[in-house]
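This is upload_21.pdb (PDB, C-alpha atoms, pLDDT in the B column).
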```pdb
ATOM      1  CA  MET D  10      13.312  10.253  -3.383  1.00 86.00           C
ATOM      2  CA  THR D  11      13.158  11.501  -6.980  1.00 96.00           C
ATOM      3  CA  TRP D  12      10.076  10.947  -9.111  1.00 97.00           C
ATOM      4  CA  ASP D  13      11.913   8.378 -11.242  1.00 97.00           C
ATOM      5  CA  ALA D  14      12.937   6.487  -8.107  1.00 97.00           C
ATOM      6  CA  SER D  15       9.412   6.688  -6.727  1.00 98.00           C
ATOM      7  CA  ARG D  16       7.955   5.276  -9.936  1.00 98.00           C
ATOM      8  CA  GLU D  17      10.514   2.480  -9.820  1.00 98.00           C
ATOM      9  CA  ALA D  18       9.596   1.668  -6.214  1.00 98.00           C
ATOM     10  CA  PHE D  19       5.900   1.545  -7.108  1.00 98.00           C
ATOM     11  CA  ALA D  20       6.531  -0.680 -10.133  1.00 98.00           C
ATOM     12  CA  ASP D  21       8.751  -3.036  -8.126  1.00 98.00           C
ATOM     13  CA  ALA D  22       6.170  -3.265  -5.326  1.00 98.00           C
ATOM     14  CA  ALA D  23       3.448  -3.998  -7.879  1.00 98.00           C
ATOM     15  CA  ARG D  24       5.527  -6.768  -9.469  1.00 98.00           C
ATOM     16  CA  TRP D  25       6.164  -8.293  -6.037  1.00 98.00           C
ATOM     17  CA  PHE D  26       2.446  -8.235  -5.283  1.00 98.00           C
ATOM     18  CA  VAL D  27       1.602  -9.837  -8.640  1.00 98.00           C
ATOM     19  CA  GLY D  28       4.240 -12.520  -8.156  1.00 98.00           C
ATOM     20  CA  THR D  29       3.158 -13.330  -4.617  1.00 98.00           C
ATOM     21  CA  THR D  30      -0.509 -13.495  -5.608  1.00 98.00           C
ATOM     22  CA  ALA D  31       0.426 -16.085  -8.223  1.00 98.00           C
ATOM     23  CA  LEU D  32       1.656 -18.356  -5.400  1.00 98.00           C
ATOM     24  CA  VAL D  33      -1.656 -18.549  -3.521  1.00 98.00           C
ATOM     25  CA  GLY D  34      -2.813 -21.666  -5.359  1.00 97.00           C
ATOM     26  CA  GLU D  35      -6.067 -22.946  -3.841  1.00 96.00           C
ATOM     27  CA  ARG D  36      -5.695 -21.153  -0.506  1.00 97.00           C
ATOM     28  CA  TRP D  37      -8.000 -18.209  -1.161  1.00 97.00           C
ATOM     29  CA  ALA D  38     -10.410 -19.023   1.668  1.00 96.00           C
ATOM     30  CA  GLU D  39      -7.665 -19.441   4.293  1.00 97.00           C
ATOM     31  CA  PRO D  40      -7.055 -16.701   6.915  1.00 96.00           C
ATOM     32  CA  GLY D  41      -5.346 -13.639   5.473  1.00 97.00           C
ATOM     33  CA  LEU D  42      -5.303 -10.697   7.880  1.00 95.00           C
ATOM     34  CA  GLY D  43      -7.708 -10.066  10.738  1.00 91.00           C
ATOM     35  CA  GLU D  44     -11.208 -10.867   9.557  1.00 92.00           C
ATOM     36  CA  TRP D  45     -10.116 -11.084   5.913  1.00 95.00           C
ATOM     37  CA  ASP D  46      -9.457 -14.341   4.133  1.00 96.00           C
ATOM     38  CA  ILE D  47      -6.607 -14.369   1.613  1.00 97.00           C
ATOM     39  CA  GLN D  48      -8.863 -13.337  -1.261  1.00 97.00           C
ATOM     40  CA  ALA D  49     -10.112 -10.291   0.646  1.00 96.00           C
ATOM     41  CA  LEU D  50      -6.534  -9.371   1.594  1.00 97.00           C
ATOM     42  CA  VAL D  51      -5.491  -9.579  -2.047  1.00 98.00           C
ATOM     43  CA  GLY D  52      -8.573  -7.587  -3.024  1.00 97.00           C
ATOM     44  CA  HIS D  53      -7.755  -4.863  -0.521  1.00 96.00           C
ATOM     45  CA  THR D  54      -4.152  -4.759  -1.714  1.00 97.00           C
ATOM     46  CA  SER D  55      -5.282  -4.462  -5.324  1.00 97.00           C
ATOM     47  CA  ARG D  56      -6.964  -1.194  -4.348  1.00 96.00           C
ATOM     48  CA  SER D  57      -3.463   0.266  -3.904  1.00 96.00           C
ATOM     49  CA  LEU D  58      -3.268   0.076  -7.693  1.00 98.00           C
ATOM     50  CA  LEU D  59      -6.891   0.809  -8.530  1.00 97.00           C
ATOM     51  CA  THR D  60      -7.103   4.017  -6.511  1.00 96.00           C
ATOM     52  CA  VAL D  61      -4.198   5.495  -8.471  1.00 97.00           C
ATOM     53  CA  GLU D  62      -6.122   4.873 -11.674  1.00 97.00           C
ATOM     54  CA  ALA D  63      -9.377   6.185 -10.240  1.00 96.00           C
ATOM     55  CA  TYR D  64      -7.887   9.308  -8.668  1.00 96.00           C
ATOM     56  CA  LEU D  65      -5.992  10.257 -11.826  1.00 95.00           C
ATOM     57  CA  ALA D  66      -9.389  10.387 -13.522  1.00 96.00           C
ATOM     58  CA  GLN D  67     -10.502  12.911 -10.870  1.00 95.00           C
ATOM     59  CA  PRO D  68      -8.234  15.962 -11.281  1.00 96.00           C
ATOM     60  CA  ALA D  69      -8.000  18.379  -8.364  1.00 96.00           C
ATOM     61  CA  GLU D  70      -7.689  22.139  -8.574  1.00 95.00           C
ATOM     62  CA  SER D  71      -5.162  22.419  -5.746  1.00 96.00           C
ATOM     63  CA  ALA D  72      -3.068  20.335  -3.358  1.00 96.00           C
ATOM     64  CA  GLU D  73      -4.565  20.254   0.133  1.00 95.00           C
ATOM     65  CA  ILE D  74      -2.265  17.469   1.368  1.00 96.00           C
ATOM     66  CA  ASP D  75       1.431  18.016   0.655  1.00 94.00           C
ATOM     67  CA  SER D  76       3.076  14.755   1.682  1.00 96.00           C
ATOM     68  CA  ALA D  77       2.580  11.013   2.004  1.00 96.00           C
ATOM     69  CA  ALA D  78       2.830  11.302   5.795  1.00 95.00           C
ATOM     70  CA  GLY D  79       0.206  14.033   5.707  1.00 94.00           C
ATOM     71  CA  TYR D  80      -2.098  11.704   3.810  1.00 95.00           C
ATOM     72  CA  PHE D  81      -1.836   9.019   6.485  1.00 93.00           C
ATOM     73  CA  ARG D  82      -2.406  11.553   9.238  1.00 91.00           C
ATOM     74  CA  ALA D  83      -5.466  12.889   7.424  1.00 91.00           C
ATOM     75  CA  THR D  84      -6.941   9.411   6.867  1.00 89.00           C
ATOM     76  CA  SER D  85      -6.089   7.859  10.238  1.00 83.00           C
ATOM     77  CA  THR D  86      -9.722   7.785  11.360  1.00 74.00           C
ATOM     78  CA  MET D  87     -10.801   6.202   8.059  1.00 73.00           C
ATOM     79  CA  SER D  88      -8.269   3.371   8.029  1.00 66.00           C
ATOM     80  CA  ALA D  89     -10.078   0.926  10.294  1.00 65.00           C
ATOM     81  CA  GLY D  90     -13.560  -0.268  11.003  1.00 68.00           C
ATOM     82  CA  PRO D  91     -16.256  -2.332   9.300  1.00 76.00           C
ATOM     83  CA  ALA D  92     -16.416  -0.178   6.160  1.00 81.00           C
ATOM     84  CA  VAL D  93     -12.755  -0.832   5.342  1.00 82.00           C
ATOM     85  CA  ALA D  94     -13.153  -4.546   6.037  1.00 83.00           C
ATOM     86  CA  GLU D  95     -16.200  -4.710   3.790  1.00 90.00           C
ATOM     87  CA  ARG D  96     -14.450  -2.874   0.957  1.00 89.00           C
ATOM     88  CA  GLY D  97     -11.680  -5.461   1.159  1.00 90.00           C
ATOM     89  CA  ARG D  98     -14.169  -8.300   0.851  1.00 92.00           C
ATOM     90  CA  GLN D  99     -15.896  -6.594  -2.064  1.00 94.00           C
ATOM     91  CA  ALA D 100     -12.573  -5.958  -3.798  1.00 95.00           C
ATOM     92  CA  GLY D 101     -11.640  -9.607  -3.325  1.00 95.00           C
ATOM     93  CA  ALA D 102     -14.924 -10.752  -4.845  1.00 95.00           C
ATOM     94  CA  ALA D 103     -14.425  -8.343  -7.758  1.00 96.00           C
ATOM     95  CA  LEU D 104     -11.257 -10.230  -8.726  1.00 96.00           C
ATOM     96  CA  GLY D 105     -13.504 -13.045  -9.933  1.00 95.00           C
ATOM     97  CA  ASP D 106     -12.620 -16.693 -10.451  1.00 94.00           C
ATOM     98  CA  ASP D 107      -8.983 -16.076 -11.383  1.00 97.00           C
ATOM     99  CA  PRO D 108      -7.580 -13.515  -8.922  1.00 97.00           C
ATOM    100  CA  PRO D 109      -3.933 -13.873 -10.040  1.00 98.00           C
ATOM    101  CA  ALA D 110      -4.889 -13.033 -13.622  1.00 98.00           C
ATOM    102  CA  ALA D 111      -7.048 -10.125 -12.467  1.00 98.00           C
ATOM    103  CA  VAL D 112      -4.260  -8.697 -10.304  1.00 98.00           C
ATOM    104  CA  ALA D 113      -1.729  -9.074 -13.113  1.00 98.00           C
ATOM    105  CA  ALA D 114      -4.087  -7.279 -15.511  1.00 98.00           C
ATOM    106  CA  ILE D 115      -4.620  -4.406 -13.061  1.00 98.00           C
ATOM    107  CA  ALA D 116      -0.874  -3.958 -12.566  1.00 98.00           C
ATOM    108  CA  ALA D 117      -0.223  -4.164 -16.306  1.00 98.00           C
ATOM    109  CA  ARG D 118      -2.666  -1.302 -16.774  1.00 97.00           C
ATOM    110  CA  VAL D 119      -1.761   0.950 -13.825  1.00 98.00           C
ATOM    111  CA  VAL D 120       2.051   0.754 -13.738  1.00 98.00           C
ATOM    112  CA  PRO D 121       2.448   2.134 -17.294  1.00 98.00           C
ATOM    113  CA  LEU D 122      -0.187   4.755 -16.483  1.00 97.00           C
ATOM    114  CA  VAL D 123       2.052   6.025 -13.677  1.00 97.00           C
ATOM    115  CA  GLY D 124       5.149   5.656 -15.826  1.00 96.00           C
ATOM    116  CA  ALA D 125       3.745   8.115 -18.323  1.00 97.00           C
ATOM    117  CA  ARG D 126       3.142  10.853 -15.739  1.00 97.00           C
ATOM    118  CA  THR D 127       5.422  13.628 -14.487  1.00 97.00           C
ATOM    119  CA  GLY D 128       4.352  13.423 -10.834  1.00 97.00           C
ATOM    120  CA  ASP D 129       3.016  16.987 -10.902  1.00 97.00           C
ATOM    121  CA  GLU D 130      -0.525  15.883 -11.764  1.00 97.00           C
ATOM    122  CA  LEU D 131      -3.128  16.986  -9.231  1.00 98.00           C
ATOM    123  CA  LEU D 132      -5.572  14.279  -8.258  1.00 97.00           C
ATOM    124  CA  THR D 133      -8.513  14.073  -5.891  1.00 96.00           C
ATOM    125  CA  THR D 134      -7.933  11.550  -3.100  1.00 96.00           C
ATOM    126  CA  VAL D 135     -10.150  10.591  -0.198  1.00 93.00           C
ATOM    127  CA  ALA D 136      -8.103  13.035   1.906  1.00 93.00           C
ATOM    128  CA  GLY D 137      -8.300  15.891  -0.589  1.00 94.00           C
ATOM    129  CA  GLY D 138      -6.246  17.175  -3.495  1.00 97.00           C
ATOM    130  CA  MET D 139      -2.668  15.890  -3.822  1.00 97.00           C
ATOM    131  CA  ARG D 140       0.169  15.823  -6.313  1.00 98.00           C
ATOM    132  CA  LEU D 141       0.699  12.369  -7.758  1.00 98.00           C
ATOM    133  CA  ALA D 142       4.329  12.487  -6.564  1.00 98.00           C
ATOM    134  CA  ASP D 143       3.107  12.885  -2.969  1.00 98.00           C
ATOM    135  CA  TYR D 144       0.317  10.304  -3.227  1.00 98.00           C
ATOM    136  CA  LEU D 145       2.211   7.501  -4.972  1.00 98.00           C
ATOM    137  CA  PRO D 146       4.477   6.637  -1.989  1.00 98.00           C
ATOM    138  CA  THR D 147       1.333   5.891   0.047  1.00 97.00           C
ATOM    139  CA  ARG D 148       0.381   3.258  -2.531  1.00 98.00           C
ATOM    140  CA  THR D 149       3.864   1.775  -2.578  1.00 98.00           C
ATOM    141  CA  PHE D 150       3.700   1.601   1.225  1.00 97.00           C
ATOM    142  CA  GLU D 151       0.338  -0.181   1.115  1.00 97.00           C
ATOM    143  CA  LEU D 152       1.559  -2.615  -1.537  1.00 98.00           C
ATOM    144  CA  VAL D 153       4.663  -3.420   0.511  1.00 98.00           C
ATOM    145  CA  VAL D 154       2.908  -3.862   3.849  1.00 97.00           C
ATOM    146  CA  HIS D 155       0.014  -5.924   2.525  1.00 98.00           C
ATOM    147  CA  THR D 156       2.156  -8.091   0.273  1.00 98.00           C
ATOM    148  CA  ALA D 157       4.217  -8.798   3.395  1.00 98.00           C
ATOM    149  CA  ASP D 158       0.932  -9.699   5.131  1.00 97.00           C
ATOM    150  CA  LEU D 159       0.178 -12.052   2.239  1.00 98.00           C
ATOM    151  CA  CYS D 160       3.621 -13.631   2.561  1.00 98.00           C
ATOM    152  CA  ALA D 161       2.960 -14.197   6.280  1.00 98.00           C
ATOM    153  CA  ALA D 162      -0.397 -15.843   5.500  1.00 98.00           C
ATOM    154  CA  LEU D 163       1.293 -18.117   2.961  1.00 98.00           C
ATOM    155  CA  ASP D 164       4.341 -18.844   5.169  1.00 98.00           C
ATOM    156  CA  LEU D 165       6.652 -17.254   2.625  1.00 98.00           C
ATOM    157  CA  PRO D 166       9.642 -14.991   3.295  1.00 97.00           C
ATOM    158  CA  ALA D 167       8.812 -11.301   2.865  1.00 97.00           C
ATOM    159  CA  ASP D 168      11.505 -10.478   0.326  1.00 96.00           C
ATOM    160  CA  VAL D 169      10.571  -6.844  -0.235  1.00 98.00           C
ATOM    161  CA  PRO D 170      12.180  -5.318  -3.347  1.00 98.00           C
ATOM    162  CA  PRO D 171      14.931  -2.953  -2.160  1.00 98.00           C
ATOM    163  CA  SER D 172      13.553   0.151  -3.905  1.00 98.00           C
ATOM    164  CA  ALA D 173      10.081  -0.337  -2.435  1.00 98.00           C
ATOM    165  CA  ALA D 174      11.463  -1.249   0.988  1.00 98.00           C
ATOM    166  CA  ALA D 175      13.559   1.936   1.093  1.00 97.00           C
ATOM    167  CA  GLN D 176      10.583   4.148   0.327  1.00 97.00           C
ATOM    168  CA  ALA D 177       8.265   2.341   2.741  1.00 97.00           C
ATOM    169  CA  LEU D 178      10.790   2.480   5.575  1.00 97.00           C
ATOM    170  CA  ALA D 179      11.464   6.165   4.942  1.00 96.00           C
ATOM    171  CA  LEU D 180       7.740   6.798   5.331  1.00 96.00           C
ATOM    172  CA  VAL D 181       7.652   4.703   8.527  1.00 96.00           C
ATOM    173  CA  ALA D 182      10.480   6.841   9.922  1.00 96.00           C
ATOM    174  CA  GLU D 183       8.715  10.085   9.009  1.00 95.00           C
ATOM    175  CA  LEU D 184       5.461   8.919  10.595  1.00 95.00           C
ATOM    176  CA  ALA D 185       7.276   7.729  13.723  1.00 95.00           C
ATOM    177  CA  VAL D 186       9.025  11.074  14.167  1.00 95.00           C
ATOM    178  CA  SER D 187       5.930  13.187  13.540  1.00 92.00           C
ATOM    179  CA  GLY D 188       3.858  10.958  15.814  1.00 92.00           C
ATOM    180  CA  GLY D 189       6.334  10.976  18.713  1.00 93.00           C
ATOM    181  CA  ARG D 190       7.079   7.247  18.375  1.00 93.00           C
ATOM    182  CA  ALA D 191      10.682   7.362  17.181  1.00 95.00           C
ATOM    183  CA  GLY D 192      12.192   6.247  20.498  1.00 94.00           C
ATOM    184  CA  PRO D 193      10.442   2.869  20.832  1.00 93.00           C
ATOM    185  CA  LEU D 194      10.980   2.163  17.142  1.00 95.00           C
ATOM    186  CA  LEU D 195      14.714   2.900  17.320  1.00 95.00           C
ATOM    187  CA  LEU D 196      15.144   0.756  20.433  1.00 94.00           C
ATOM    188  CA  ALA D 197      13.368  -2.184  18.814  1.00 93.00           C
ATOM    189  CA  ALA D 198      15.155  -1.799  15.470  1.00 94.00           C
ATOM    190  CA  THR D 199      18.557  -1.918  17.190  1.00 95.00           C
ATOM    191  CA  GLY D 200      17.763  -4.957  19.308  1.00 94.00           C
ATOM    192  CA  ARG D 201      17.390  -3.167  22.644  1.00 92.00           C
ATOM    193  CA  THR D 202      13.810  -4.176  23.352  1.00 90.00           C
ATOM    194  CA  GLY D 203      10.620  -5.324  21.709  1.00 91.00           C
ATOM    195  CA  LEU D 204       7.878  -2.969  20.598  1.00 90.00           C
ATOM    196  CA  PRO D 205       4.967  -2.280  22.952  1.00 88.00           C
ATOM    197  CA  SER D 206       1.822  -4.295  22.290  1.00 89.00           C
ATOM    198  CA  GLY D 207      -0.223  -2.724  19.516  1.00 89.00           C
ATOM    199  CA  PHE D 208       2.557  -0.342  18.465  1.00 92.00           C
ATOM    200  CA  SER D 209       1.976   1.321  15.116  1.00 91.00           C
ATOM    201  CA  VAL D 210       3.178   4.466  13.394  1.00 93.00           C
ATOM    202  CA  LEU D 211      -0.184   4.855  11.675  1.00 89.00           C
TER     203      LEU D 211
END
```

Rendering of file as structure tokens:
Amino acid sequence: MTWDASREAFADAARWFVGTTALVGERWAEPGLGEWDIQALVGHTSRSLLTVEAYLAQPAESAEIDSAAGYFRATSTMSAGPAVAERGRQAGAALGDDPPAAVAAIAARVVPLVGARTGDELLTTVAGGMRLADYLPTRTFELVVHTADLCAALDLPADVPPSAAAQALALVAELAVSGGRAGPLLLAATGRTGLPSGFSVL
């Protein structure tokens, strides 16, 4: 995917997240995902925007991770556990008394920030140095997956924007192939069988 297309996918995913957050109403304390309530889920998802802003302010000298799939492989041991759950709760609390407004303000700040970049910027991520063009698809993926989680919590259809869906699914395919999980995924996607319990490409 070209840099222009990647920026478009990120912007579309951010708009979908903002729009879905606006539909929560008074349901912030209802179950969201796992041990998170909806506010914590929204808080965690907002970090998909905030980390782009934070990492751009931390330039790297070189790229140690050269792809979005490589980022997920490098962070696989960091992506679960009590620390992640607690960061989600803290991020939810940080949205304050009007989470939809806070999320909209974050997106309004971060999406143009990305739009003004070339993609060649080197930034320091939790996994190490990366080019923005390689890191951004990981944030689009997180926005897509967790906005879909939010839709499930709210009993809404997960109408993923096509540009964001294409990038997220391409990353799923790459992770499935590199992780030796392409067979079960292909069988399930073509209606042959269901996925094994607990199946994940991450």

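Across the structure, atom CA of D:Ala116 and atom CA of D:Glu70 are spaced 27.3 Å apart.
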
Closest atom pairs, stretch 153-196 of chain D residues within 9 Å of stretch 21-28 of chain D, all atoms listed in the file, as a Markdown table:
```
| residue | atom | partner | partner_atom | distance |
| --- | --- | --- | --- | --- |
| D:Val153 | CA | D:Ala22 | CA | 6.0 |
| D:His155 | CA | D:Phe26 | CA | 8.5 |
| D:Thr156 | CA | D:Phe26 | CA | 5.6 |
| D:Ala157 | CA | D:Phe26 | CA | 8.9 |
| D:Leu159 | CA | D:Phe26 | CA | 8.7 |
| D:Asp168 | CA | D:Trp25 | CA | 8.6 |
| D:Val169 | CA | D:Trp25 | CA | 7.4 |
| D:Pro170 | CA | D:Asp21 | CA | 6.3 |
| D:Pro171 | CA | D:Asp21 | CA | 8.6 |
| D:Ser172 | CA | D:Asp21 | CA | 7.1 |
| D:Ala173 | CA | D:Ala22 | CA | 5.7 |
| D:Ala174 | CA | D:Ala22 | CA | 8.5 |
```

Residues within 9 Å of stretch 122-136 of chain D, all atoms listed in the file, excluding chain neighbours under 2 positions, as a PyMOL selection string: chain D and resi 12-13+16-17+19-20+60-62+64-74+80-81+83-84+117-120+138-145

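Proximity to D:Leu152 was assessed for D:Ala114, D:Leu58, D:Ala14, D:Met87 counting all atoms listed in the file; the smallest distance is recorded for D:Leu58.
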
Write out as a VMD selection string each polymer residue whose atoms come within 10 Å of stretch 184-194 of chain D, counting all atoms listed in the file; drop sequence neighbours fewer than 3 positions from it. chain D and resid 77 to 79 81 to 82 178 to 181 197 to 199 201 to 205 208 to 211

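Run against this file, the PyMOL selection byres ((chain D and resi 49) around 8) gives back Gly41, Trp45, Asp46, Ile47, Gln48, Leu50, Val51, Gly52, His53, Gly97, Arg98, Gln99, Ala100, Gly101 and Ala102 of chain D.
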
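Proximity of D:Leu104, D:Val154, D:Leu195, D:Ala92 to D:Ala177, computed with only C-alpha atoms, is greatest for D:Val154.
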
For atom CA of D:Ser55 and atom CA of D:Pro166, the interatomic separation in Å (one decimal): 20.2 Å

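Comparing D:Pro91, D:Trp37, D:Arg56, D:Ala161 by their smallest distance to D:Gly105, the closest is D:Trp37 (using all atoms listed in the file).
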
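The coordinates place atom CA of D:Ser85 at 17.3 Å from atom CA of D:Thr149.
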
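Nearest residue to D:Leu42, choosing from D:Met10, D:Cys160, D:Ala167, D:Ala18 and counting all atoms listed in the file: D:Cys160.
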